[in-house]
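What's in upload.pdb: PDB, C-alpha atoms
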ATOM      1  CA  MET A   1     109.391 102.001 120.396
ATOM      2  CA  HIS A   2     109.436 100.687 123.947
ATOM      3  CA  SER A   3     106.984 101.380 126.699
ATOM      4  CA  GLU A   4     107.081 100.216 130.296
ATOM      5  CA  THR A   5     104.382  98.050 131.810
ATOM      6  CA  PRO A   6     104.364  97.465 135.556
ATOM      7  CA  LEU A   7     106.449  94.292 135.460
ATOM      8  CA  ARG A   8     108.011  93.887 132.028
ATOM      9  CA  LYS A   9     109.051  95.723 128.923
ATOM     10  CA  LEU A  10     106.525  96.037 126.131
ATOM     11  CA  LEU A  11     107.730  96.259 122.541
ATOM     12  CA  VAL A  12     105.457  97.959 120.000
ATOM     13  CA  ARG A  13     106.569  97.198 116.456
ATOM     14  CA  PRO A  14     105.264  96.806 112.907
ATOM     15  CA  SER A  15     103.423  93.524 112.479
ATOM     16  CA  ARG A  16     104.917  90.634 110.537
ATOM     17  CA  ALA A  17     103.313  87.777 108.643
ATOM     18  CA  ALA A  18     104.356  85.486 111.509
ATOM     19  CA  ASP A  19     102.080  87.482 113.855
ATOM     20  CA  VAL A  20      98.869  86.740 111.966
ATOM     21  CA  ALA A  21      97.869  83.617 113.940
ATOM     22  CA  ALA A  22      98.203  85.509 117.241
ATOM     23  CA  ILE A  23      96.269  88.469 115.803
ATOM     24  CA  ALA A  24      93.506  86.126 114.642
ATOM     25  CA  GLU A  25      93.340  84.524 118.084
ATOM     26  CA  ILE A  26      93.067  87.889 119.860
ATOM     27  CA  TYR A  27      90.438  89.195 117.459
ATOM     28  CA  GLY A  28      88.508  85.931 117.415
ATOM     29  CA  TYR A  29      88.090  86.070 121.178
ATOM     30  CA  HIS A  30      86.640  89.594 120.961
ATOM     31  CA  VAL A  31      84.308  88.652 118.104
ATOM     32  CA  LEU A  32      82.920  85.649 119.986
ATOM     33  CA  ASN A  33      82.807  87.163 123.477
ATOM     34  CA  GLY A  34      82.365  90.914 123.212
ATOM     35  CA  LEU A  35      80.714  93.828 121.490
ATOM     36  CA  ALA A  36      83.820  95.732 120.361
ATOM     37  CA  SER A  37      83.443  94.076 116.960
ATOM     38  CA  PHE A  38      80.123  93.697 115.206
ATOM     39  CA  GLU A  39      81.318  90.598 113.375
ATOM     40  CA  LEU A  40      79.404  87.491 114.436
ATOM     41  CA  MET A  41      81.841  84.784 113.335
ATOM     42  CA  ALA A  42      85.571  84.862 114.008
ATOM     43  CA  PRO A  43      87.461  85.211 110.709
ATOM     44  CA  SER A  44      89.991  82.577 109.736
ATOM     45  CA  VAL A  45      93.730  83.133 109.916
ATOM     46  CA  ASP A  46      93.758  83.369 106.106
ATOM     47  CA  GLU A  47      91.098  86.086 106.191
ATOM     48  CA  ILE A  48      93.031  88.057 108.819
ATOM     49  CA  ALA A  49      96.152  87.713 106.649
ATOM     50  CA  LYS A  50      94.234  89.179 103.672
ATOM     51  CA  ARG A  51      92.922  92.072 105.756
ATOM     52  CA  ARG A  52      96.400  92.808 107.114
ATOM     53  CA  ALA A  53      97.876  92.696 103.601
ATOM     54  CA  ASP A  54      95.248  95.196 102.423
ATOM     55  CA  VAL A  55      96.125  97.648 105.212
ATOM     56  CA  ILE A  56      99.868  97.318 104.632
ATOM     57  CA  GLY A  57      99.380  97.460 100.853
ATOM     58  CA  ARG A  58      97.856 100.928 101.273
ATOM     59  CA  SER A  59     100.926 102.002 103.309
ATOM     60  CA  PHE A  60      98.918 102.304 106.519
ATOM     61  CA  PRO A  61     100.327 101.188 109.890
ATOM     62  CA  TYR A  62      99.607  97.747 111.354
ATOM     63  CA  LEU A  63     101.351  97.330 114.716
ATOM     64  CA  VAL A  64     101.645  94.657 117.381
ATOM     65  CA  ALA A  65     102.554  94.817 121.062
ATOM     66  CA  GLU A  66     104.885  92.075 122.217
ATOM     67  CA  LEU A  67     105.690  90.955 125.766
ATOM     68  CA  ASP A  68     108.339  88.325 126.333
ATOM     69  CA  GLY A  69     108.178  87.339 122.665
ATOM     70  CA  LYS A  70     104.381  86.910 122.612
ATOM     71  CA  VAL A  71     101.937  89.163 120.729
ATOM     72  CA  VAL A  72      99.514  90.565 123.333
ATOM     73  CA  GLY A  73      97.748  93.169 121.241
ATOM     74  CA  TYR A  74      97.571  94.853 117.882
ATOM     75  CA  ALA A  75      96.402  98.071 116.293
ATOM     76  CA  TYR A  76      96.025  99.308 112.762
ATOM     77  CA  ALA A  77      94.599 102.195 110.775
ATOM     78  CA  SER A  78      92.561 101.835 107.630
ATOM     79  CA  LEU A  79      90.450 104.033 105.426
ATOM     80  CA  TYR A  80      87.602 105.702 107.295
ATOM     81  CA  ARG A  81      85.616 105.831 104.054
ATOM     82  CA  THR A  82      86.628 105.029 100.470
ATOM     83  CA  ARG A  83      85.499 108.249  98.767
ATOM     84  CA  PRO A  84      88.483 110.435  97.766
ATOM     85  CA  ALA A  85      87.563 113.420  99.945
ATOM     86  CA  TYR A  86      88.170 111.245 103.035
ATOM     87  CA  ARG A  87      91.743 110.375 101.984
ATOM     88  CA  PHE A  88      93.344 112.161 104.959
ATOM     89  CA  THR A  89      91.086 110.495 107.534
ATOM     90  CA  LEU A  90      91.766 107.030 108.911
ATOM     91  CA  GLU A  91      89.896 104.776 111.329
ATOM     92  CA  ASP A  92      91.815 103.046 114.083
ATOM     93  CA  SER A  93      91.303  99.562 115.525
ATOM     94  CA  VAL A  94      92.918  98.336 118.737
ATOM     95  CA  TYR A  95      92.525  94.853 120.244
ATOM     96  CA  ILE A  96      94.262  93.489 123.327
ATOM     97  CA  HIS A  97      94.622  89.883 124.475
ATOM     98  CA  LYS A  98      92.047  89.254 127.202
ATOM     99  CA  ASP A  99      94.759  88.465 129.766
ATOM    100  CA  HIS A 100      96.517  91.805 129.202
ATOM    101  CA  ALA A 101      93.634  94.298 129.226
ATOM    102  CA  GLY A 102      93.987  97.310 131.501
ATOM    103  CA  ARG A 103      97.786  97.100 131.762
ATOM    104  CA  GLY A 104      98.793  99.878 129.380
ATOM    105  CA  VAL A 105      99.142  97.748 126.241
ATOM    106  CA  GLY A 106      96.319  99.542 124.448
ATOM    107  CA  LYS A 107      97.688 102.989 125.280
ATOM    108  CA  ALA A 108     101.173 102.074 124.066
ATOM    109  CA  LEU A 109      99.712 100.725 120.826
ATOM    110  CA  LEU A 110      97.374 103.656 120.217
ATOM    111  CA  GLU A 111     100.078 106.265 120.917
ATOM    112  CA  ALA A 112     102.415 104.518 118.461
ATOM    113  CA  LEU A 113      99.598 104.219 115.917
ATOM    114  CA  ILE A 114      98.841 107.950 116.139
ATOM    115  CA  GLU A 115     102.516 108.731 115.477
ATOM    116  CA  ALA A 116     102.594 106.313 112.522
ATOM    117  CA  CYS A 117      99.411 107.854 111.086
ATOM    118  CA  ALA A 118     100.982 111.312 111.297
ATOM    119  CA  ARG A 119     104.023 110.054 109.379
ATOM    120  CA  ALA A 120     101.652 108.582 106.758
ATOM    121  CA  GLY A 121     100.064 112.004 106.171
ATOM    122  CA  CYS A 122      96.843 111.366 108.079
ATOM    123  CA  ARG A 123      95.106 114.489 109.441
ATOM    124  CA  GLN A 124      92.183 112.951 111.358
ATOM    125  CA  LEU A 125      91.697 109.659 113.185
ATOM    126  CA  VAL A 126      88.226 108.294 113.856
ATOM    127  CA  ALA A 127      87.358 105.563 116.336
ATOM    128  CA  VAL A 128      84.109 103.672 115.817
ATOM    129  CA  ILE A 129      83.706 101.912 119.166
ATOM    130  CA  GLY A 130      81.268  99.043 119.513
ATOM    131  CA  ASP A 131      78.954  99.369 122.525
ATOM    132  CA  SER A 132      78.381 102.627 124.374
ATOM    133  CA  ALA A 133      79.148 100.692 127.593
ATOM    134  CA  ASN A 134      82.688  99.867 126.346
ATOM    135  CA  LYS A 135      84.368 101.961 129.041
ATOM    136  CA  GLY A 136      87.808 100.480 128.334
ATOM    137  CA  SER A 137      87.975 101.557 124.696
ATOM    138  CA  ILE A 138      86.236 104.880 125.286
ATOM    139  CA  GLY A 139      88.645 105.644 128.146
ATOM    140  CA  LEU A 140      91.668 104.556 126.121
ATOM    141  CA  HIS A 141      90.739 106.837 123.234
ATOM    142  CA  ALA A 142      89.989 109.764 125.568
ATOM    143  CA  ALA A 143      93.396 109.277 127.249
ATOM    144  CA  CYS A 144      94.998 109.548 123.800
ATOM    145  CA  GLY A 145      93.287 112.815 122.897
ATOM    146  CA  PHE A 146      90.117 111.599 121.176
ATOM    147  CA  LYS A 147      86.874 113.490 121.799
ATOM    148  CA  ARG A 148      83.464 111.877 121.688
ATOM    149  CA  THR A 149      81.623 113.285 118.687
ATOM    150  CA  GLY A 150      78.500 111.150 118.713
ATOM    151  CA  THR A 151      76.670 107.934 119.363
ATOM    152  CA  LEU A 152      74.865 105.918 116.741
ATOM    153  CA  ARG A 153      72.045 104.287 118.687
ATOM    154  CA  ALA A 154      71.073 100.644 118.130
ATOM    155  CA  VAL A 155      72.976 100.245 114.842
ATOM    156  CA  GLY A 156      74.184  96.711 115.600
ATOM    157  CA  PHE A 157      72.397  93.592 116.773
ATOM    158  CA  LYS A 158      74.525  91.024 118.559
ATOM    159  CA  PHE A 159      74.017  88.566 121.416
ATOM    160  CA  GLY A 160      70.259  89.120 121.253
ATOM    161  CA  ARG A 161      70.358  92.864 121.839
ATOM    162  CA  TRP A 162      70.747  96.182 120.067
ATOM    163  CA  VAL A 163      74.195  97.740 120.339
ATOM    164  CA  ASP A 164      75.336 101.355 119.884
ATOM    165  CA  SER A 165      78.482 102.634 118.197
ATOM    166  CA  VAL A 166      80.363 105.499 119.808
ATOM    167  CA  ILE A 167      82.200 107.832 117.451
ATOM    168  CA  MET A 168      85.371 109.524 118.713
ATOM    169  CA  GLN A 169      87.817 111.679 116.757
ATOM    170  CA  ARG A 170      91.161 113.414 117.128
ATOM    171  CA  ALA A 171      93.282 115.581 114.909
ATOM    172  CA  VAL A 172      96.641 114.208 113.836
ATOM    173  CA  GLY A 173      99.558 116.507 113.123
ATOM    174  CA  GLU A 174      98.204 119.754 111.668
ATOM    175  CA  GLY A 175      94.673 118.339 111.531
ATOM    176  CA  GLY A 176      92.433 120.752 109.683
ATOM    177  CA  ARG A 177      94.483 123.868 110.554
ATOM    178  CA  THR A 178      96.421 123.815 107.271
ATOM    179  CA  LEU A 179      95.931 122.538 103.761
ATOM    180  CA  PRO A 180      97.623 119.264 102.841
ATOM    181  CA  PRO A 181     100.903 119.548 100.941
ATOM    182  CA  GLU A 182     100.528 120.057  97.209
ATOM    183  CA  GLY A 183     100.630 116.834  95.322
ATOM    184  CA  SER A 184      99.379 114.775  98.290
ATOM    185  CA  GLY A 185      95.976 114.236  96.777
ATOM    186  CA  GLY A 186      96.450 110.584  95.951
ATOM    187  CA  ARG A 187      96.070 107.527  98.120
TER     188      ARG A 187
END
Same coordinates, now as structure tokens:
Amino acid sequence: MHSETPLRKLLVRPSRAADVAAIAEIYGYHVLNGLASFELMAPSVDEIAKRRADVIGRSFPYLVAELDGKVVGYAYASLYRTRPAYRFTLEDSVYIHKDHAGRGVGKALLEALIEACARAGCRQLVAVIGDSANKGSIGLHAACGFKRTGTLRAVGFKFGRWVDSVIMQRAVGEGGRTLPPEGSGGR
């Protein structure tokens, strides 16, 4: 999976254990400096490794974007909710290194993630976007076919203020037009 950026080639690929430190650095920056994540403390590299292992252990996609051998973003899909009726619905997460925002990295990652979710049997993808003023993430999801389905007002409190969550959703593959294949009830 290759995608062009203005100056260089971007490689989107499955993440590896060796990528975890870079993933933790990217996420840590967003935790400490932004409202995309409602975490208050940046998780350790070990904690990020455990979270990644959980996603991969469930056979869900966990991708990275690499430029010139350096991880500049990542995206993954995880369970939207744990109750069995939600088993065909996943929630996406996309984080880009602060120096590479707005250059197409997020779109390349999210498009690849949508394809990987379709291959995994997902029928719906949900984005829970921190901060209703997060124009970058809202725009990215809209550009990839997500529709805004709601806003949860003042559900987070970070940096001394109340923060909304924007809910966006898109069908994957057949979406809700057809029943899932017989025997696909487990996850």
Applied to this file, what does the PyMOL selection byres ((chain A and resi 86) around 12) return in terms of residues, put as an mmCIF file with C-alpha atoms, keeping the file's coordinate frame?
data_model
loop_
_atom_site.group_PDB
_atom_site.id
_atom_site.type_symbol
_atom_site.label_atom_id
_atom_site.label_comp_id
_atom_site.auth_asym_id
_atom_site.auth_seq_id
_atom_site.Cartn_x
_atom_site.Cartn_y
_atom_site.Cartn_z
ATOM 1 C CA SER A 78 92.561 101.835 107.630
ATOM 2 C CA LEU A 79 90.450 104.033 105.426
ATOM 3 C CA TYR A 80 87.602 105.702 107.295
ATOM 4 C CA ARG A 81 85.616 105.831 104.054
ATOM 5 C CA THR A 82 86.628 105.029 100.470
ATOM 6 C CA ARG A 83 85.499 108.249 98.767
ATOM 7 C CA PRO A 84 88.483 110.435 97.766
ATOM 8 C CA ALA A 85 87.563 113.420 99.945
ATOM 9 C CA ARG A 87 91.743 110.375 101.984
ATOM 10 C CA PHE A 88 93.344 112.161 104.959
ATOM 11 C CA THR A 89 91.086 110.495 107.534
ATOM 12 C CA LEU A 90 91.766 107.030 108.911
ATOM 13 C CA GLU A 91 89.896 104.776 111.329
ATOM 14 C CA CYS A 122 96.843 111.366 108.079
ATOM 15 C CA ARG A 123 95.106 114.489 109.441
ATOM 16 C CA GLN A 124 92.183 112.951 111.358
ATOM 17 C CA LEU A 125 91.697 109.659 113.185
ATOM 18 C CA VAL A 126 88.226 108.294 113.856
ATOM 19 C CA GLY A 185 95.976 114.236 96.777
ATOM 20 C CA GLY A 186 96.450 110.584 95.951
ATOM 21 C CA ARG A 187 96.070 107.527 98.120
#
Contacts of A:Trp162 within 12 Å, only C-alpha atoms, excl. fewer than 4 positions in-chain, as a list of chain:residue names |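 The filter keeps A:Leu35, A:Phe38, A:Gly130, A:Asp131, A:Ser132, A:Leu152, A:Arg153, A:Ala154, A:Val155, A:Gly156, A:Phe157, A:Lys158.
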Run the PyMOL selection byres ((chain A and resi 25) around 10) on the file and write out the hits as a PDB file with C-alpha atoms, in the coordinates of the input.
ATOM      1  CA  VAL A  20      98.869  86.740 111.966  1.00  0.00           C
ATOM      2  CA  ALA A  21      97.869  83.617 113.940  1.00  0.00           C
ATOM      3  CA  ALA A  22      98.203  85.509 117.241  1.00  0.00           C
ATOM      4  CA  ILE A  23      96.269  88.469 115.803  1.00  0.00           C
ATOM      5  CA  ALA A  24      93.506  86.126 114.642  1.00  0.00           C
ATOM      6  CA  ILE A  26      93.067  87.889 119.860  1.00  0.00           C
ATOM      7  CA  TYR A  27      90.438  89.195 117.459  1.00  0.00           C
ATOM      8  CA  GLY A  28      88.508  85.931 117.415  1.00  0.00           C
ATOM      9  CA  TYR A  29      88.090  86.070 121.178  1.00  0.00           C
ATOM     10  CA  HIS A  30      86.640  89.594 120.961  1.00  0.00           C
ATOM     11  CA  VAL A  31      84.308  88.652 118.104  1.00  0.00           C
ATOM     12  CA  ALA A  42      85.571  84.862 114.008  1.00  0.00           C
ATOM     13  CA  PRO A  43      87.461  85.211 110.709  1.00  0.00           C
ATOM     14  CA  SER A  44      89.991  82.577 109.736  1.00  0.00           C
ATOM     15  CA  VAL A  45      93.730  83.133 109.916  1.00  0.00           C
ATOM     16  CA  ILE A  48      93.031  88.057 108.819  1.00  0.00           C
ATOM     17  CA  HIS A  97      94.622  89.883 124.475  1.00  0.00           C
TER      18      HIS A  97
END
May I ask for the distance between atom CA of A:Ile138 and atom CA of A:Val64, given in Å to one decimal place?
-> 20.1 Å
Can you list, as an NGL selection string, the residues that the PyMOL selection byres ((chain A and resi 12) around 12) selects here?
-> :A and (1-5 or 9-11 or 13-16 or 61-76 or 104-113 or 116)
Could you turn the residues from that selection into a file that holds C-alpha atoms, as an mmCIF file, keeping the file's coordinate frame?
data_model
loop_
_atom_site.group_PDB
_atom_site.id
_atom_site.type_symbol
_atom_site.label_atom_id
_atom_site.label_comp_id
_atom_site.auth_asym_id
_atom_site.auth_seq_id
_atom_site.Cartn_x
_atom_site.Cartn_y
_atom_site.Cartn_z
ATOM 1 C CA MET A 1 109.391 102.001 120.396
ATOM 2 C CA HIS A 2 109.436 100.687 123.947
ATOM 3 C CA SER A 3 106.984 101.380 126.699
ATOM 4 C CA GLU A 4 107.081 100.216 130.296
ATOM 5 C CA THR A 5 104.382 98.050 131.810
ATOM 6 C CA LYS A 9 109.051 95.723 128.923
ATOM 7 C CA LEU A 10 106.525 96.037 126.131
ATOM 8 C CA LEU A 11 107.730 96.259 122.541
ATOM 9 C CA ARG A 13 106.569 97.198 116.456
ATOM 10 C CA PRO A 14 105.264 96.806 112.907
ATOM 11 C CA SER A 15 103.423 93.524 112.479
ATOM 12 C CA ARG A 16 104.917 90.634 110.537
ATOM 13 C CA PRO A 61 100.327 101.188 109.890
ATOM 14 C CA TYR A 62 99.607 97.747 111.354
ATOM 15 C CA LEU A 63 101.351 97.330 114.716
ATOM 16 C CA VAL A 64 101.645 94.657 117.381
ATOM 17 C CA ALA A 65 102.554 94.817 121.062
ATOM 18 C CA GLU A 66 104.885 92.075 122.217
ATOM 19 C CA LEU A 67 105.690 90.955 125.766
ATOM 20 C CA ASP A 68 108.339 88.325 126.333
ATOM 21 C CA GLY A 69 108.178 87.339 122.665
ATOM 22 C CA LYS A 70 104.381 86.910 122.612
ATOM 23 C CA VAL A 71 101.937 89.163 120.729
ATOM 24 C CA VAL A 72 99.514 90.565 123.333
ATOM 25 C CA GLY A 73 97.748 93.169 121.241
ATOM 26 C CA TYR A 74 97.571 94.853 117.882
ATOM 27 C CA ALA A 75 96.402 98.071 116.293
ATOM 28 C CA TYR A 76 96.025 99.308 112.762
ATOM 29 C CA GLY A 104 98.793 99.878 129.380
ATOM 30 C CA VAL A 105 99.142 97.748 126.241
ATOM 31 C CA GLY A 106 96.319 99.542 124.448
ATOM 32 C CA LYS A 107 97.688 102.989 125.280
ATOM 33 C CA ALA A 108 101.173 102.074 124.066
ATOM 34 C CA LEU A 109 99.712 100.725 120.826
ATOM 35 C CA LEU A 110 97.374 103.656 120.217
ATOM 36 C CA GLU A 111 100.078 106.265 120.917
ATOM 37 C CA ALA A 112 102.415 104.518 118.461
ATOM 38 C CA LEU A 113 99.598 104.219 115.917
ATOM 39 C CA ALA A 116 102.594 106.313 112.522
#
Which of A:His141, A:Lys135, A:Arg51, A:Arg119 sits closest to A:Val94 [using all atoms listed in the file] |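 Ranking A:His141, A:Lys135, A:Arg51, A:Arg119 by distance to A:Val94, first place goes to A:His141.
The interatomic distance for the pair atom CA of A:Arg148 and atom CA of A:Val166 works out to 7.3 Å.
Closest approach to A:Leu32 among A:Phe159, A:Val55, A:Ala142, A:Glu115 is made by A:Phe159 (distances from all atoms listed in the file).
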Kindly give the distance, in Å, that separates atom CA of A:Ala133 and atom CA of A:Asp164, rounded to a single decimal.
-> 8.6 Å
For each of A:Ala36, A:Met41, A:Ile96, A:Ile114, take the minimum atom-to-atom distance to A:Val172, counting all atoms listed in the file, then give the residue where this is smallest.
->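 Between A:Ala36, A:Met41, A:Ile96, A:Ile114, the residue approaching A:Val172 most closely is A:Ile114.
Among the candidate residues A:Gly34, A:Ala18, A:Gly145, A:Met168, the one lying nearest to A:Arg52 is A:Ala18, with distances computed using all atoms listed in the file.
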Return the padded bounding box of stretch 69-82 of chain A as lines of an AutoDock Vina configuration file: axis-aligned, built from all atoms listed in the file, 4 Å added on each side, with centre and edge lengths in Å to one decimal.
center_x = 96.9
center_y = 96.4
center_z = 111.9
size_x = 30.6
size_y = 26.9
size_z = 30.9
Nearest residue to A:Tyr95 from the set A:Ser59, A:Asn33, A:Ser137, A:Thr149 (distances using all atoms listed in the file) =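 The answer is A:Ser137, which sits nearest to A:Tyr95.
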